[in-house]
Structure formats: C-alpha cells, structure tokens
Amino acid sequence: MAHTRFQIPLPPMTPGNARHVVVHRFGTLGARPKVYLQAAVHANEFPGAMALHHLMPLLLKADAAGRIRGEVVVVPTVNPIGLSQLVGNNHLGRYDQLGRDNFNRNWLDLAPAVAERVGARLGRDAAANIVLIRQAALAALAAMRPLNELQTLRVEIMKLSIDADLMLDLHCDLEAVLHLFISRRDWPGPAMALAAELGAEATLVNEPYPQALTFSGANGAMWARLAEAFPEADIPQACLSATVEYRGQHDVNHALGAADAANLLRFLQRCGAVAGQPGKLPALKAEATPIAGMDRGYCPCSGILVYRVAKGERVRKGQVICEIIDPTDARGPQARTPMRAGGDGLLFARRLDGTLAWPGKGAFAIAGPKPLAHRAGMGSLDD
C-alpha cells in the first residue's frame, strides 16, 4: 500500500467556519506493528511538528522502497482548533477558548466501555486479549456521537491511535531539555530504548498511569486499568504510549528537526515498523524517575522572573532556582523573593528569563529520584 493522505472533517461551530485534520498513512493498513505519531495537540508547540516535517520524507522514501513493514500513521498538526486561536497578535494554542479545556486533558477513558463489551471473555491468552480489547475500544469509539468540534476531534483521533503498538505524542515545554512522560508498566522495557534513542535527559514515570487523562495517558492507561480490573486475565501493556517533550517552544530549526527525525526513524527500525539497521543503541542519558519526585515551583507573588540556574543543571534541595523581582521596590536585593528547589534532581523545564510572574504560575520543574511529600495526591502533570 502506498502513502495516502486524507482529511478528517470537524463540524463547524459557526456558519462558514469548518476545520479539518490532515492525516498521513505509510505502509499497509492493518499491518503490524502499528505506529501512531502526532504533534501540536497544544497548538503553540511546534518542535514536534518540525521533527515530523523531516521524518515524513524519510517515510515516503521507505514506503516507495517497500521498507515499511507495519503501518505508520502521522498527524503533523493534530489540533486545528488551537491553531486558529489568534488573539491580539498572539497565538494561544494551549487551551480551548470555547470550553476552556486544556487540549491535552480530558481525553477518553475507554476501559469501562471495553470491560463492559468483552470483560467476561478475557482469559489467559494474551494475544487473543489484545485483539478483543482493540476491537472493543474501536467499537466503543464508533458508537459515540460527539456534540461539538473538540469532542469530535478527540473521538476521531483516538480511532487512529487506540489500536497502535506504539503511540508518541510530541510536545514541548516553554524552555526545557528533551524529556519523556511514560507509564511504569513500560519501563525498563521498550521505553528505555525510546529514551536512549531520542536522547532524553529525563524520563518521568507514572504509577501505573497518569491520573490526568492526557492523550498519551488515555492510550496507555486503558491497558493498565483493564489489567487491574481483570487480574486473572493476561493483559499486557500492548501499547507503548509516551509524551515526548521536545525541549522548548523556541527550539524549532532544521538542524534539530532533522536530528530528531533521524532518531525517530531509527526507533521505528528498532521496533520493526520500518526495515533497516538502526545501529548501536545510544547510551541512556538518565534513569527514569517517579512522577511523585517531580518538584514543581509555583510563584508565591507577582513580579519579574529571573533565574539563577540554567535548564539541564543538577540542583540540590534548598538551592535558589529563580527570584521574583518587585520592580516597584527600591531596596535592590531585598526586593527579590527567592524560589528554592523542593528536592534534589535535574532542572528539566523552566520559563524564560524576564517573564511576568503571578501567584500560582509554574516557574520550574525538577526530576528527582525520590517521591516528595508535597507532591502527594497531585496529578502527573500540571496545567
């Protein structure tokens, strides 16, 4: 089967204003392994879209040569709703302006519907269970009748992804090093190879899945939740589902895009979706750390953010990461409110220097090796 390009129409929310999602399929429909790649669900995050821009010509070439053994589905910009949100000469693509949803929250938990359809038929045959679960998930999605544009987007995109063997959701932070969010059920298995191949400097794991229904969380958590619900059945983690954070919003250039695409292609070769020799797996840059060990710094007051520590640096508990400057206070150093690390670890994400701070604004994230008491009960990711 040759490369195909098609569009998924979304219902118009106002007269004369209809959007669509562009999808590319490489390889053979229904072949295994199935890979699903998407970028820019937060529509103002483009490093992943740049990686896919450089990957797709490589997939075209491989497809023409008959080297794609499985099925590879690519959605280079998955969120046309967020792409259209231009306000005051600025692009605001993280939240839906109609319902105020974070575009990467409130995806569909299909485990209850799958359990209702096939739970009684799940047994000790793992391969048979995988087939049953995937069929039931697709049937549940087909039965849904979404009411609006965003609901339709979520249902139609999950129809493309829920039966994948590998699902990568490509994001970025504001200013960050490359890092991953995954399920504990995938580590140290295929996720370790993914982290090594992509050059991740931090990998944060959920136990066993994220509480916030992110897109990658919804795809991966279905398997973990069904395994919990049916402990007597053999239900493997049949989809490696990961959020890949490709550094920061400004890290968009051809050099990074081409390098990221080459790494993605090698991983597709390594997992058998594309024929070829990926070469020796690079050394892992960092062991995985628990999501409960992720320290997040939130601004206690308003002012101007100024950092003392660069992204990618190792920090110690109590170390000053940044300060909030009160520009109306004439006392110099006494007009600075320090923000300190709540634990040891790697500073993997932060804001840009000189941006406005306000109470509750997230200022930094640190990947630490041990759970932190002040993170207890909090979701895997923050808005």
# chains A, B, ... in the order shown; residues from 1 in each chain; ligands from 1
>>> residues_around(residues="Ala218 (chain A)", least_positions_apart="3", cutoff="9 Å", atoms="only C-alpha atoms", output="mmCIF file with C-alpha atoms, in the first residue's frame")
data_model
loop_
_atom_site.group_PDB
_atom_site.id
_atom_site.type_symbol
_atom_site.label_atom_id
_atom_site.label_comp_id
_atom_site.auth_asym_id
_atom_site.auth_seq_id
_atom_site.Cartn_x
_atom_site.Cartn_y
_atom_site.Cartn_z
ATOM 1 C CA ASN A 106 -9.994 15.081 29.411
ATOM 2 C CA TRP A 107 -9.279 12.521 26.708
ATOM 3 C CA LEU A 108 -11.419 9.404 26.685
ATOM 4 C CA ASP A 109 -11.173 6.646 29.283
ATOM 5 C CA LEU A 110 -12.234 3.623 27.244
ATOM 6 C CA ILE A 162 -6.129 3.354 20.289
ATOM 7 C CA TYR A 209 -0.727 5.504 34.672
ATOM 8 C CA PRO A 210 -1.417 9.256 34.908
ATOM 9 C CA ALA A 212 -4.888 13.365 34.386
ATOM 10 C CA LEU A 213 -6.248 11.928 31.137
ATOM 11 C CA THR A 214 -3.668 13.283 28.758
ATOM 12 C CA PHE A 215 -3.713 11.909 25.222
ATOM 13 C CA ALA A 221 -3.818 3.671 30.714
ATOM 14 C CA MET A 222 -6.535 1.621 29.029
ATOM 15 C CA SER A 241 2.379 5.307 24.837
#
>>> residues_around(residues="Phe348 (chain A)", least_positions_apart="5", cutoff="7 Å", atoms="only C-alpha atoms", output="PyMOL selection string")
chain A and resi 176-177+311-312+365-367
>>> write_last_selection(atoms="C-alpha atoms", output="PDB file, in the first residue's frame")
ATOM      1  CA  ALA A 176      13.460  22.666  28.602  1.00  0.00           C
ATOM      2  CA  VAL A 177      15.717  19.754  27.839  1.00  0.00           C
ATOM      3  CA  LYS A 311      17.923  24.206  32.213  1.00  0.00           C
ATOM      4  CA  GLY A 312      19.649  20.820  32.367  1.00  0.00           C
ATOM      5  CA  ALA A 365      10.211  21.539  37.151  1.00  0.00           C
ATOM      6  CA  ILE A 366      12.840  19.252  38.674  1.00  0.00           C
ATOM      7  CA  ALA A 367      13.071  15.493  38.079  1.00  0.00           C
TER       8      ALA A 367
END
>>> residues_around(residues="Leu160 (chain A)", least_positions_apart="5", cutoff="12 Å", atoms="only C-alpha atoms", output="JSON, numbers by chain")
{"A": [8, 21, 23, 24, 25, 29, 30, 34, 35, 36, 37, 38, 71, 72, 73, 74, 75, 78, 134, 137, 138, 141, 142, 153, 154, 155, 165, 166, 167, 219]}
>>> residues_around(residues="Lys370 (chain A)", least_positions_apart="2", cutoff="12 Å", atoms="only C-alpha atoms", output="PDB file with C-alpha atoms, in the first residue's frame")
ATOM      1  CA  LEU A 204       9.276  10.623  34.387  1.00  0.00           C
ATOM      2  CA  VAL A 205       7.112   7.587  35.099  1.00  0.00           C
ATOM      3  CA  ALA A 288      13.705   7.085  34.945  1.00  0.00           C
ATOM      4  CA  THR A 289      12.423   8.945  37.993  1.00  0.00           C
ATOM      5  CA  PRO A 290       8.966   8.826  39.626  1.00  0.00           C
ATOM      6  CA  ILE A 291       6.377  11.445  38.788  1.00  0.00           C
ATOM      7  CA  ALA A 292       5.922  11.855  42.543  1.00  0.00           C
ATOM      8  CA  GLY A 293       9.543  13.033  42.649  1.00  0.00           C
ATOM      9  CA  MET A 294       8.870  15.861  40.190  1.00  0.00           C
ATOM     10  CA  ASP A 295       9.209  19.117  42.106  1.00  0.00           C
ATOM     11  CA  LYS A 317      17.187  20.763  47.809  1.00  0.00           C
ATOM     12  CA  GLY A 342      11.976  21.250  46.974  1.00  0.00           C
ATOM     13  CA  GLY A 343      14.263  18.299  46.292  1.00  0.00           C
ATOM     14  CA  ASP A 344      17.432  17.128  44.574  1.00  0.00           C
ATOM     15  CA  GLY A 345      17.374  16.412  40.848  1.00  0.00           C
ATOM     16  CA  ILE A 366      12.840  19.252  38.674  1.00  0.00           C
ATOM     17  CA  ALA A 367      13.071  15.493  38.079  1.00  0.00           C
ATOM     18  CA  GLY A 368      14.105  13.879  41.348  1.00  0.00           C
ATOM     19  CA  LEU A 372       8.241  14.204  47.561  1.00  0.00           C
ATOM     20  CA  ALA A 373       5.726  14.638  50.366  1.00  0.00           C
ATOM     21  CA  HIS A 374       4.367  17.891  48.961  1.00  0.00           C
ATOM     22  CA  ARG A 375       3.542  16.150  45.656  1.00  0.00           C
ATOM     23  CA  ALA A 376       1.291  13.567  47.339  1.00  0.00           C
TER      24      ALA A 376
END
>>> select_by_dssp(residues="region 173-315 of chain A", states="helix (DSSP H, G or I)", output="number ranges by chain")
A: 184-186, 190-198, 215-229, 254-270, 291-293
>>> write_last_selection(atoms="C-alpha atoms", output="PDB file, in the first residue's frame")
ATOM      1  CA  ARG A 184       5.836   2.456  34.870  1.00  0.00           C
ATOM      2  CA  ARG A 185       4.500  -0.596  33.007  1.00  0.00           C
ATOM      3  CA  ASP A 186       6.703   0.354  30.026  1.00  0.00           C
ATOM      4  CA  PRO A 190      10.699  -0.548  25.220  1.00  0.00           C
ATOM      5  CA  ALA A 191      10.504   2.868  26.865  1.00  0.00           C
ATOM      6  CA  MET A 192      14.145   2.613  27.925  1.00  0.00           C
ATOM      7  CA  ALA A 193      15.178   2.099  24.307  1.00  0.00           C
ATOM      8  CA  LEU A 194      12.968   5.045  23.298  1.00  0.00           C
ATOM      9  CA  ALA A 195      14.587   7.311  25.904  1.00  0.00           C
ATOM     10  CA  ALA A 196      18.072   6.261  24.800  1.00  0.00           C
ATOM     11  CA  GLU A 197      17.345   6.639  21.082  1.00  0.00           C
ATOM     12  CA  LEU A 198      15.764  10.078  21.426  1.00  0.00           C
ATOM     13  CA  PHE A 215      -3.713  11.909  25.222  1.00  0.00           C
ATOM     14  CA  SER A 216      -0.814   9.545  25.767  1.00  0.00           C
ATOM     15  CA  GLY A 217      -2.183   8.693  29.203  1.00  0.00           C
ATOM     16  CA  ALA A 218      -5.574   7.714  27.799  1.00  0.00           C
ATOM     17  CA  ASN A 219      -3.990   5.446  25.194  1.00  0.00           C
ATOM     18  CA  GLY A 220      -1.630   3.721  27.600  1.00  0.00           C
ATOM     19  CA  ALA A 221      -3.818   3.671  30.714  1.00  0.00           C
ATOM     20  CA  MET A 222      -6.535   1.621  29.029  1.00  0.00           C
ATOM     21  CA  TRP A 223      -4.285  -1.448  29.239  1.00  0.00           C
ATOM     22  CA  ALA A 224      -3.207  -0.830  32.826  1.00  0.00           C
ATOM     23  CA  ARG A 225      -6.763  -0.193  34.025  1.00  0.00           C
ATOM     24  CA  LEU A 226      -8.067  -3.352  32.365  1.00  0.00           C
ATOM     25  CA  ALA A 227      -5.196  -5.344  33.875  1.00  0.00           C
ATOM     26  CA  GLU A 228      -6.211  -4.016  37.305  1.00  0.00           C
ATOM     27  CA  ALA A 229      -9.889  -4.778  36.688  1.00  0.00           C
ATOM     28  CA  HIS A 254      16.058  22.454  10.646  1.00  0.00           C
ATOM     29  CA  ALA A 255      19.101  21.067  12.430  1.00  0.00           C
ATOM     30  CA  LEU A 256      17.126  19.901  15.474  1.00  0.00           C
ATOM     31  CA  GLY A 257      14.210  18.746  13.322  1.00  0.00           C
ATOM     32  CA  ALA A 258      16.437  16.630  11.097  1.00  0.00           C
ATOM     33  CA  ALA A 259      18.272  15.106  14.065  1.00  0.00           C
ATOM     34  CA  ASP A 260      15.005  14.318  15.856  1.00  0.00           C
ATOM     35  CA  ALA A 261      13.574  12.761  12.686  1.00  0.00           C
ATOM     36  CA  ALA A 262      16.648  10.564  12.263  1.00  0.00           C
ATOM     37  CA  ASN A 263      16.297   9.371  15.857  1.00  0.00           C
ATOM     38  CA  LEU A 264      12.600   8.620  15.361  1.00  0.00           C
ATOM     39  CA  LEU A 265      13.333   6.642  12.202  1.00  0.00           C
ATOM     40  CA  ARG A 266      15.970   4.592  13.992  1.00  0.00           C
ATOM     41  CA  PHE A 267      13.499   3.786  16.743  1.00  0.00           C
ATOM     42  CA  LEU A 268      10.889   2.731  14.164  1.00  0.00           C
ATOM     43  CA  GLN A 269      13.532   0.435  12.684  1.00  0.00           C
ATOM     44  CA  ARG A 270      14.381  -0.868  16.128  1.00  0.00           C
ATOM     45  CA  ILE A 291       6.377  11.445  38.788  1.00  0.00           C
ATOM     46  CA  ALA A 292       5.922  11.855  42.543  1.00  0.00           C
ATOM     47  CA  GLY A 293       9.543  13.033  42.649  1.00  0.00           C
TER      48      GLY A 293
END
>>> residues_around(residues="Ala341 (chain A)", least_positions_apart="4", cutoff="7 Å", atoms="only C-alpha atoms", output="VMD selection string")
chain A and resid 316 to 321
>>> residues_around(residues="region 354-363 of chain A", least_positions_apart="6", cutoff="6 Å", atoms="only C-alpha atoms", output="number ranges by chain")
A: 297-306
>>> write_last_selection(atoms="C-alpha atoms", output="PDB file, in the first residue's frame")
ATOM      1  CA  GLY A 297       7.939  25.552  41.740  1.00  0.00           C
ATOM      2  CA  TYR A 298       4.926  27.898  41.840  1.00  0.00           C
ATOM      3  CA  CYS A 299       5.320  31.648  42.128  1.00  0.00           C
ATOM      4  CA  PRO A 300       4.192  32.988  45.523  1.00  0.00           C
ATOM      5  CA  CYS A 301       3.803  36.590  44.347  1.00  0.00           C
ATOM      6  CA  SER A 302       3.854  38.843  41.304  1.00  0.00           C
ATOM      7  CA  GLY A 303       6.898  40.417  39.697  1.00  0.00           C
ATOM      8  CA  ILE A 304       9.583  39.604  37.128  1.00  0.00           C
ATOM      9  CA  LEU A 305      11.116  36.118  36.934  1.00  0.00           C
ATOM     10  CA  VAL A 306      14.924  35.930  36.900  1.00  0.00           C
TER      11      VAL A 306
END
